[in-house]
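S.K.: So that we are looking at the same thing, I have put the structure below in structure tokens.
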Amino acid sequence: MHASAVHDDTLRLVMDSILSTMLNVVGSVKAIHKYTHDMEYYATRDPLTDLYNRRVFWELFEYEVARAKRGGYSFGLMVLDLDNFKLVNDGHGHAMGDRYLQAFAHTVKQVLRPGDILARYGGDEFIALLPDVMPEMAATIARRVLDAVTEIRVESIDRGHLGGVANPISGSASIGLAVFPLHADNTKDLFLFADTMMFKAKAAGKNQVGAPSEEDVAAVFRDMTELTLQVVNAVNEGRIEPFFQPIMDLRDGNIVGYEVLSRMVLEGGHMEAARFIEFAEKAGIIHRLDALVMEKALRAAAVREYDGLIFINLSPRVLALADFLRNLNRVVAECGIDPGRVVFEITERDTLKNLATLAQLVAELKLAGYKLAIDDFGSGFSSFQYLRHLPLDFLKIEGDFVVNMLESDKDRAFVQSIHQLATSLGIRVIAEHVESREVVDALREMGVELGQGYYIGRPEQTLSSRSPRADTTP
């Protein structure tokens, strides 16, 4: 259709307006389709290696356990960690590090059998499922992978040498192995077992397979039991403390909020949540742990007369507890804190199966004045379901994409797409794992409003309204 074919001036102006609007709508729909298509793909894949990501792997892992129980067969689990990979990044740059990770992923995938599942677990750690294998076969496959990894050569040009000299980068890996149901009959215990075996291989000199012996089985489960009891005692005795990591407005460098993180108090120090949270879940006390940290954090904010945002991580299952909202309102009232300053981060570590139930619980929180954020957006399927069905105020971009956005065009495009999608929905965006001034500048140029990471500030026991990174202002 052409408006110029219309002879009536008024009608032609109307037609021009209609056609312009239609073109804009079509263009927007195509753009949104591309963004959603890319995000749906990368919700299941690691963008650097094109392997499955951590969240999808756990879903497949759960399925494999259920299938093995029904069929009465065994399968293997391998945890692979690169040896001294930090030296590659430090000595050759992150771009070369990424190339090596890609070569590593391709090599291991070629060595594994058809039907084996390989995923990037995070950073320089990978994980693989070996369906329908006995312990001897699993160990053979692990050794075959180890041999193939030592043969990897990634060519690099060392510009520090006259004329540019090709220096091939090589490396090795340490592998931890566990077999279902010989070493454990559930996903968490089997993973912890294989992970422990990987650390054993590291301690024994690296570049080897940690294949468990009978003594290892007894020792691993003894350690797991001891740590579980340690976590239970810490919760019972109130020895779980909040730490506060700042969230900065990238436009002016001001700290606008803090995320509350859990630490377990030990003699002479603290243990990070990543090392004990799974044991709290296994012991069935995660809701008590979350509630304890939440109350301590809110009371600390009241004592310090802090008037910014407070981001609190909560499992959706905690929200489902009958007395959660009542206790929350009591603590907030006692502390004199405006509910609008409390932002609950929904995590996927213990999700509710019924999204409608979660939406109802969230609606009650919103009605009471609290805010809502989705953590690690882009790392799994649930993120998109939350985005569609929950009234979100904030969206945190998965840190793995932010860390590599300067070296990876895919990661940068993903960050840009998430930002544009969230902005169109009226949701404020927070970039996680901001670890350099260059990343701050790139995010600011992109229009991302808020950032969080070690460059901005590490978790501390105190909180204030002052920015620890005044040099990040434009």
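Residues in the structure tokens are named by chain (A, B, ... in the order shown) and by number from 1 within that chain; ligands are numbered from 1 in the order shown.
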For Asn89 in chain A, work out the shell of residues within 12 Å, counting only C-alpha atoms and skipping chain neighbours fewer than 2 positions away, then give it as a short mmCIF file (atom, residue, chain, number, x, y, z; two decimals) with C-alpha atoms, in the first residue's frame.
M.R.:
data_model
loop_
_atom_site.label_atom_id
_atom_site.label_comp_id
_atom_site.auth_asym_id
_atom_site.auth_seq_id
_atom_site.Cartn_x
_atom_site.Cartn_y
_atom_site.Cartn_z
CA ASN A 84 45.87 -23.57 36.91
CA PHE A 85 43.45 -21.92 34.50
CA LYS A 86 43.97 -18.56 36.19
CA LEU A 87 47.50 -18.54 34.77
CA GLY A 91 49.28 -14.54 31.19
CA HIS A 92 47.42 -14.42 27.88
CA GLY A 93 44.24 -12.46 28.55
CA HIS A 94 40.59 -13.44 28.91
CA ALA A 95 40.11 -13.70 25.15
CA MET A 96 42.67 -16.52 24.98
CA GLY A 97 41.16 -18.04 28.08
CA ASP A 98 37.80 -18.14 26.34
CA ARG A 99 39.37 -19.78 23.28
CA TYR A 100 40.90 -22.46 25.49
CA LEU A 101 37.57 -23.10 27.22
CA GLY A 123 33.94 -20.62 35.18
CA ASP A 124 36.50 -23.34 34.45
CA ILE A 169 48.65 -22.96 25.15
CA ASN A 404 32.69 -11.78 29.83
CA GLU A 407 35.50 -10.24 25.39
#
S.K.: Which parts of range 84-270 of chain A does DSSP call strand (DSSP E) when run on the backbone here, written out as number ranges by chain?
M.R.: A: 117-122, 125-130, 157-158, 165-166, 173-180, 209-210, 240-249, 255-266, 269-270
S.K.: Could those selected residues go to a file with C-alpha atoms, as a compact mmCIF listing (two decimals), in the first residue's frame?
M.R.:
# COMPACT_ATOMS: atom_id res chain seq x y z
CA ILE A 117 25.66 -35.15 28.59
CA LEU A 118 28.29 -32.42 29.05
CA ALA A 119 27.59 -29.03 30.63
CA ARG A 120 29.57 -26.01 31.72
CA TYR A 121 28.97 -25.72 35.45
CA GLY A 122 30.59 -22.31 35.78
CA GLU A 125 34.39 -26.19 35.88
CA PHE A 126 32.47 -28.68 33.74
CA ILE A 127 30.26 -31.64 34.58
CA ALA A 128 29.19 -34.74 32.66
CA LEU A 129 26.56 -37.48 32.97
CA LEU A 130 27.52 -40.95 31.73
CA ILE A 157 50.56 -14.92 19.27
CA ASP A 158 52.81 -13.52 21.96
CA VAL A 165 56.05 -15.91 18.06
CA ALA A 166 53.39 -18.62 18.14
CA ALA A 173 42.29 -31.06 34.28
CA SER A 174 41.41 -32.82 37.50
CA ILE A 175 38.38 -35.13 37.41
CA GLY A 176 36.18 -36.32 40.23
CA LEU A 177 34.09 -39.43 39.64
CA ALA A 178 31.00 -40.89 41.32
CA VAL A 179 28.61 -43.67 40.31
CA PHE A 180 24.88 -44.00 41.02
CA VAL A 209 41.13 -38.89 38.06
CA GLY A 210 39.76 -39.03 41.58
CA ILE A 240 24.27 -17.37 60.91
CA GLU A 241 25.14 -13.72 60.26
CA PRO A 242 24.16 -11.27 57.49
CA PHE A 243 26.83 -9.69 55.29
CA PHE A 244 26.00 -6.74 53.03
CA GLN A 245 27.18 -6.24 49.43
CA PRO A 246 26.54 -2.78 47.91
CA ILE A 247 24.45 -2.10 44.82
CA MET A 248 25.48 1.07 43.00
CA ASP A 249 23.72 3.51 40.70
CA ILE A 255 25.06 3.27 46.72
CA VAL A 256 21.28 2.74 46.53
CA GLY A 257 21.00 -0.64 48.23
CA TYR A 258 22.65 -3.70 49.73
CA GLU A 259 22.12 -7.39 49.10
CA VAL A 260 22.03 -9.52 52.25
CA LEU A 261 24.27 -12.62 52.12
CA SER A 262 24.54 -15.42 54.69
CA ARG A 263 27.71 -16.42 56.54
CA MET A 264 28.13 -19.16 59.14
CA VAL A 265 30.17 -18.11 62.17
CA LEU A 266 33.11 -20.43 62.88
CA GLY A 269 36.17 -16.66 60.78
CA HIS A 270 33.09 -17.17 58.63
S.K.: Could you pull out all residues of range 279-453 of chain A with a DSSP call of alpha helix (DSSP H) and give them as a ChimeraX atom specification?
M.R.: /A:279-282,286-303,316-319,324-335,355-367,381-389,399-403,409-424,437-446
S.K.: If you count only C-alpha atoms, which residues fall within 9 Å of range 390-392 of chain A, apart from same-chain ones fewer than 2 positions away, as a ChimeraX atom specification?
M.R.: /A:358-359,362-363,366,371-374,385-388,394-395,426-428
S.K.: I'd like the contact shell of Trp58 in chain A - 10 Å cut-off, only C-alpha atoms, skipping same-chain residues fewer than 5 positions apart - returned as a short mmCIF file (atom, residue, chain, number, x, y, z; two decimals) with C-alpha atoms, in the first residue's frame.
M.R.:
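So the final result, stored in part_38.cif, reads:
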data_model
loop_
_atom_site.label_atom_id
_atom_site.label_comp_id
_atom_site.auth_asym_id
_atom_site.auth_seq_id
_atom_site.Cartn_x
_atom_site.Cartn_y
_atom_site.Cartn_z
CA TYR A 52 24.13 -26.97 28.50
CA ASN A 53 24.29 -24.57 31.44
CA TYR A 63 15.62 -37.00 35.30
CA GLU A 64 18.55 -39.41 35.03
CA ALA A 119 27.59 -29.03 30.63
CA TYR A 121 28.97 -25.72 35.45
CA THR A 187 21.47 -35.83 43.01
CA LYS A 188 22.88 -33.65 45.78
#
S.K.: Find the residues around Ala194 in chain A up to 7 Å (only C-alpha atoms counted), leave out those fewer than 2 positions away in its own chain, and share them as a list in words.
M.R.: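 Final neighbour list, sorted by chain and number: Leu77, Met78, Val79, Gly176, Leu177, Ala178, Leu190, Phe191, Leu192, Thr196, Met197 and Met198 of chain A.
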